[in-house]
Amino acid sequence: MRDELVPIARIEGEIDISNANDVRLALEGLVGNAALGLVVDLSDVRYLDSAAVHLILRIASQLEKRRQTLHAVVPADDAVHHVLVLTGVERLVPLHATDEAAVAALRAPRT
C-alpha cells in the first residue's frame, strides 16, 4: 500500500550521470502536495557519482521550497553512506538505517 503522506522510493544499482536525470524525474513524480516529504532508500545502491550527489541535493532543495523534507536510508557501514558524509549531504538530508526510522523521523512533529 502506497503512503501518500510519506512515499518511499527504493533505488537499486547505480546512480550516475547516465541515469541521474531519469531518477530525478521519477522521484519528483512521487511527491504530492499533501506529502510530508520523501524517503529515498539507497540501501541497494552500490555506486553513485557527483551527478547523484547533485541530484540528492537538488531534490532536497526542491522539497524544502514546498515545506517538505527528504530523508535517506543507507546503512552506516556502506560506501554510499561514506560518500554522503564526505560530501556533506548528511548535513542537509537526514540519513537513517531503516525505512521505518526514516518514516518515523519524517512524521515526527517539527520544532
# chains A, B, ... in the order shown; residues from 1 in each chain; ligands from 1
>>> residues_around(residues="A:Asn21", least_positions_apart="6", cutoff="10 Å", atoms="only C-alpha atoms", output="list in words")
Ile15, Leu27, Ala51, Ala52 and Leu55 of chain A
>>> write_last_selection(atoms="C-alpha atoms", output="PDB file, in the first residue's frame")
ATOM      1  CA  ILE A  15      23.129   6.393  -9.868  1.00  0.00           C
ATOM      2  CA  LEU A  27      11.454  10.950  -7.694  1.00  0.00           C
ATOM      3  CA  ALA A  51      25.753  13.657 -10.526  1.00  0.00           C
ATOM      4  CA  ALA A  52      23.933  11.541  -7.953  1.00  0.00           C
ATOM      5  CA  LEU A  55      20.559  15.026  -7.680  1.00  0.00           C
TER       6      LEU A  55
END
>>> select_by_dssp(residues="stretch 52-81 of chain A", states="helix (DSSP H, G or I)", output="list of chain:residue names")
A:Ala52, A:Val53, A:His54, A:Leu55, A:Ile56, A:Leu57, A:Arg58, A:Ile59, A:Ala60, A:Ser61, A:Gln62, A:Leu63, A:Glu64, A:Lys65, A:Ala79, A:Val80, A:His81
>>> write_last_selection(atoms="N, CA and C atoms", output="PDB file, in the first residue's frame")
ATOM      1  N   ALA A  52      24.900  12.064  -8.923  1.00  0.00           N
ATOM      2  CA  ALA A  52      23.933  11.541  -7.953  1.00  0.00           C
ATOM      3  C   ALA A  52      23.891  12.411  -6.706  1.00  0.00           C
ATOM      4  N   VAL A  53      25.040  12.860  -6.247  1.00  0.00           N
ATOM      5  CA  VAL A  53      25.086  13.752  -5.086  1.00  0.00           C
ATOM      6  C   VAL A  53      24.334  15.038  -5.416  1.00  0.00           C
ATOM      7  N   HIS A  54      24.578  15.581  -6.590  1.00  0.00           N
ATOM      8  CA  HIS A  54      23.874  16.791  -7.026  1.00  0.00           C
ATOM      9  C   HIS A  54      22.371  16.541  -7.088  1.00  0.00           C
ATOM     10  N   LEU A  55      21.976  15.392  -7.596  1.00  0.00           N
ATOM     11  CA  LEU A  55      20.559  15.026  -7.680  1.00  0.00           C
ATOM     12  C   LEU A  55      19.917  15.024  -6.293  1.00  0.00           C
ATOM     13  N   ILE A  56      20.567  14.413  -5.332  1.00  0.00           N
ATOM     14  CA  ILE A  56      20.022  14.339  -3.969  1.00  0.00           C
ATOM     15  C   ILE A  56      19.869  15.743  -3.386  1.00  0.00           C
ATOM     16  N   LEU A  57      20.877  16.569  -3.564  1.00  0.00           N
ATOM     17  CA  LEU A  57      20.809  17.936  -3.044  1.00  0.00           C
ATOM     18  C   LEU A  57      19.727  18.755  -3.751  1.00  0.00           C
ATOM     19  N   ARG A  58      19.564  18.525  -5.045  1.00  0.00           N
ATOM     20  CA  ARG A  58      18.529  19.242  -5.811  1.00  0.00           C
ATOM     21  C   ARG A  58      17.131  18.854  -5.344  1.00  0.00           C
ATOM     22  N   ILE A  59      16.900  17.564  -5.169  1.00  0.00           N
ATOM     23  CA  ILE A  59      15.588  17.096  -4.695  1.00  0.00           C
ATOM     24  C   ILE A  59      15.326  17.659  -3.295  1.00  0.00           C
ATOM     25  N   ALA A  60      16.334  17.643  -2.423  1.00  0.00           N
ATOM     26  CA  ALA A  60      16.169  18.176  -1.069  1.00  0.00           C
ATOM     27  C   ALA A  60      15.797  19.652  -1.117  1.00  0.00           C
ATOM     28  N   SER A  61      16.447  20.404  -1.983  1.00  0.00           N
ATOM     29  CA  SER A  61      16.176  21.831  -2.114  1.00  0.00           C
ATOM     30  C   SER A  61      14.763  22.081  -2.643  1.00  0.00           C
ATOM     31  N   GLN A  62      14.358  21.316  -3.644  1.00  0.00           N
ATOM     32  CA  GLN A  62      13.011  21.471  -4.205  1.00  0.00           C
ATOM     33  C   GLN A  62      11.949  21.161  -3.156  1.00  0.00           C
ATOM     34  N   LEU A  63      12.163  20.110  -2.395  1.00  0.00           N
ATOM     35  CA  LEU A  63      11.194  19.748  -1.360  1.00  0.00           C
ATOM     36  C   LEU A  63      11.143  20.817  -0.270  1.00  0.00           C
ATOM     37  N   GLU A  64      12.301  21.336   0.096  1.00  0.00           N
ATOM     38  CA  GLU A  64      12.345  22.365   1.141  1.00  0.00           C
ATOM     39  C   GLU A  64      11.520  23.587   0.736  1.00  0.00           C
ATOM     40  N   LYS A  65      11.570  23.951  -0.529  1.00  0.00           N
ATOM     41  CA  LYS A  65      10.785  25.090  -1.022  1.00  0.00           C
ATOM     42  C   LYS A  65       9.286  24.842  -0.870  1.00  0.00           C
ATOM     43  N   ALA A  79      29.476   2.070   1.539  1.00  0.00           N
ATOM     44  CA  ALA A  79      30.294   3.055   0.822  1.00  0.00           C
ATOM     45  C   ALA A  79      29.466   4.276   0.429  1.00  0.00           C
ATOM     46  N   VAL A  80      28.199   4.080   0.082  1.00  0.00           N
ATOM     47  CA  VAL A  80      27.325   5.198  -0.275  1.00  0.00           C
ATOM     48  C   VAL A  80      27.166   6.136   0.919  1.00  0.00           C
ATOM     49  N   HIS A  81      27.034   5.585   2.109  1.00  0.00           N
ATOM     50  CA  HIS A  81      26.936   6.396   3.324  1.00  0.00           C
ATOM     51  C   HIS A  81      28.179   7.273   3.472  1.00  0.00           C
TER      52      HIS A  81
END
>>> closest_residue(among="A:Asn33, A:Thr98, A:Ser50, A:Ser18", to="A:Pro75", atoms="only C-alpha atoms")
A:Thr98
>>> atom_distance(atom1="atom CA of A:Asp77", atom2="atom CA of A:Glu28")
28.0 Å
>>> residues_around(residues="A:Glu100", least_positions_apart="6", cutoff="10 Å", atoms="only C-alpha atoms", output="list in words")
Val39, Val73 and Leu106 of chain A
>>> residues_around(residues="A:Leu42", least_positions_apart="4", cutoff="7 Å", atoms="only C-alpha atoms", output="PyMOL selection string")
chain A and resi 10-11+72-74
>>> write_last_selection(atoms="N, CA and C atoms", output="mmCIF file, in the first residue's frame")
data_model
loop_
_atom_site.group_PDB
_atom_site.id
_atom_site.type_symbol
_atom_site.label_atom_id
_atom_site.label_comp_id
_atom_site.auth_asym_id
_atom_site.auth_seq_id
_atom_site.Cartn_x
_atom_site.Cartn_y
_atom_site.Cartn_z
ATOM 1 N N ARG A 10 12.616 3.275 -3.566
ATOM 2 C CA ARG A 10 13.726 2.343 -3.402
ATOM 3 C C ARG A 10 14.508 2.291 -4.708
ATOM 4 N N ILE A 11 15.776 2.631 -4.618
ATOM 5 C CA ILE A 11 16.627 2.675 -5.799
ATOM 6 C C ILE A 11 17.665 1.566 -5.685
ATOM 7 N N ALA A 72 16.965 9.999 3.743
ATOM 8 C CA ALA A 72 17.572 8.891 3.002
ATOM 9 C C ALA A 72 17.838 7.720 3.921
ATOM 10 N N VAL A 73 17.732 6.535 3.354
ATOM 11 C CA VAL A 73 18.040 5.295 4.066
ATOM 12 C C VAL A 73 19.292 4.712 3.435
ATOM 13 N N VAL A 74 20.316 4.548 4.266
ATOM 14 C CA VAL A 74 21.567 3.967 3.801
ATOM 15 C C VAL A 74 22.313 3.413 5.018
#
>>> select_by_dssp(residues="chain A", states="strand (DSSP E)", output="ChimeraX atom specification")
/A:8-15,37-48,69-73,95-96
>>> write_last_selection(atoms="N, CA and C atoms", output="short mmCIF file (atom, residue, chain, number, x, y, z; two decimals), in the first residue's frame")
data_model
loop_
_atom_site.label_atom_id
_atom_site.label_comp_id
_atom_site.auth_asym_id
_atom_site.auth_seq_id
_atom_site.Cartn_x
_atom_site.Cartn_y
_atom_site.Cartn_z
N ILE A 8 7.94 6.27 -0.33
CA ILE A 8 9.29 5.71 -0.23
C ILE A 8 9.73 5.28 -1.62
N ALA A 9 10.88 5.78 -2.04
CA ALA A 9 11.46 5.39 -3.32
C ALA A 9 12.65 4.49 -3.04
N ARG A 10 12.62 3.28 -3.57
CA ARG A 10 13.73 2.34 -3.40
C ARG A 10 14.51 2.29 -4.71
N ILE A 11 15.78 2.63 -4.62
CA ILE A 11 16.63 2.67 -5.80
C ILE A 11 17.66 1.57 -5.69
N GLU A 12 17.92 0.90 -6.81
CA GLU A 12 18.88 -0.19 -6.84
C GLU A 12 19.95 0.09 -7.89
N GLY A 13 21.11 -0.50 -7.70
CA GLY A 13 22.16 -0.44 -8.71
C GLY A 13 23.04 0.78 -8.57
N GLU A 14 23.10 1.56 -9.64
CA GLU A 14 23.98 2.72 -9.69
C GLU A 14 23.19 3.97 -10.01
N ILE A 15 23.64 5.09 -9.48
CA ILE A 15 23.13 6.39 -9.87
C ILE A 15 24.33 7.20 -10.32
N GLY A 37 6.97 14.69 2.83
CA GLY A 37 8.29 14.67 2.21
C GLY A 37 8.49 13.37 1.47
N LEU A 38 9.74 12.95 1.35
CA LEU A 38 10.09 11.75 0.60
C LEU A 38 11.20 11.01 1.32
N VAL A 39 11.07 9.69 1.34
CA VAL A 39 12.13 8.82 1.83
C VAL A 39 12.74 8.14 0.61
N VAL A 40 14.05 8.28 0.44
CA VAL A 40 14.76 7.61 -0.64
C VAL A 40 15.62 6.52 -0.01
N ASP A 41 15.30 5.29 -0.34
CA ASP A 41 16.03 4.14 0.20
C ASP A 41 17.18 3.81 -0.74
N LEU A 42 18.39 4.08 -0.29
CA LEU A 42 19.59 3.84 -1.09
C LEU A 42 20.33 2.59 -0.63
N SER A 43 19.67 1.75 0.13
CA SER A 43 20.31 0.55 0.69
C SER A 43 20.88 -0.37 -0.38
N ASP A 44 20.24 -0.41 -1.54
CA ASP A 44 20.69 -1.30 -2.61
C ASP A 44 21.43 -0.57 -3.73
N VAL A 45 21.84 0.66 -3.46
CA VAL A 45 22.67 1.39 -4.42
C VAL A 45 24.12 1.04 -4.13
N ARG A 46 24.82 0.56 -5.14
CA ARG A 46 26.21 0.15 -4.92
C ARG A 46 27.21 1.18 -5.41
N TYR A 47 26.73 2.19 -6.16
CA TYR A 47 27.64 3.22 -6.67
C TYR A 47 26.86 4.49 -6.94
N LEU A 48 27.45 5.64 -6.58
CA LEU A 48 26.91 6.92 -7.01
C LEU A 48 28.07 7.86 -7.26
N THR A 69 10.39 17.55 3.28
CA THR A 69 11.78 17.19 3.52
C THR A 69 12.13 15.86 2.87
N LEU A 70 13.41 15.72 2.62
CA LEU A 70 13.96 14.48 2.07
C LEU A 70 14.74 13.78 3.16
N HIS A 71 14.49 12.49 3.32
CA HIS A 71 15.25 11.64 4.24
C HIS A 71 15.77 10.47 3.41
N ALA A 72 16.97 10.00 3.74
CA ALA A 72 17.57 8.89 3.00
C ALA A 72 17.84 7.72 3.92
N VAL A 73 17.73 6.53 3.35
CA VAL A 73 18.04 5.29 4.07
C VAL A 73 19.29 4.71 3.44
N LEU A 95 20.14 10.96 7.40
CA LEU A 95 20.41 9.57 6.99
C LEU A 95 19.92 8.62 8.08
N HIS A 96 19.29 7.53 7.66
CA HIS A 96 18.71 6.56 8.59
C HIS A 96 19.12 5.16 8.19
#
>>> closest_residue(among="A:Arg24, A:Gly29, A:Asp49, A:Pro7", to="A:Leu84", atoms="only C-alpha atoms")
A:Asp49
>>> atom_distance(atom1="atom CA of A:Asp99", atom2="atom CA of A:Leu36")
14.8 Å
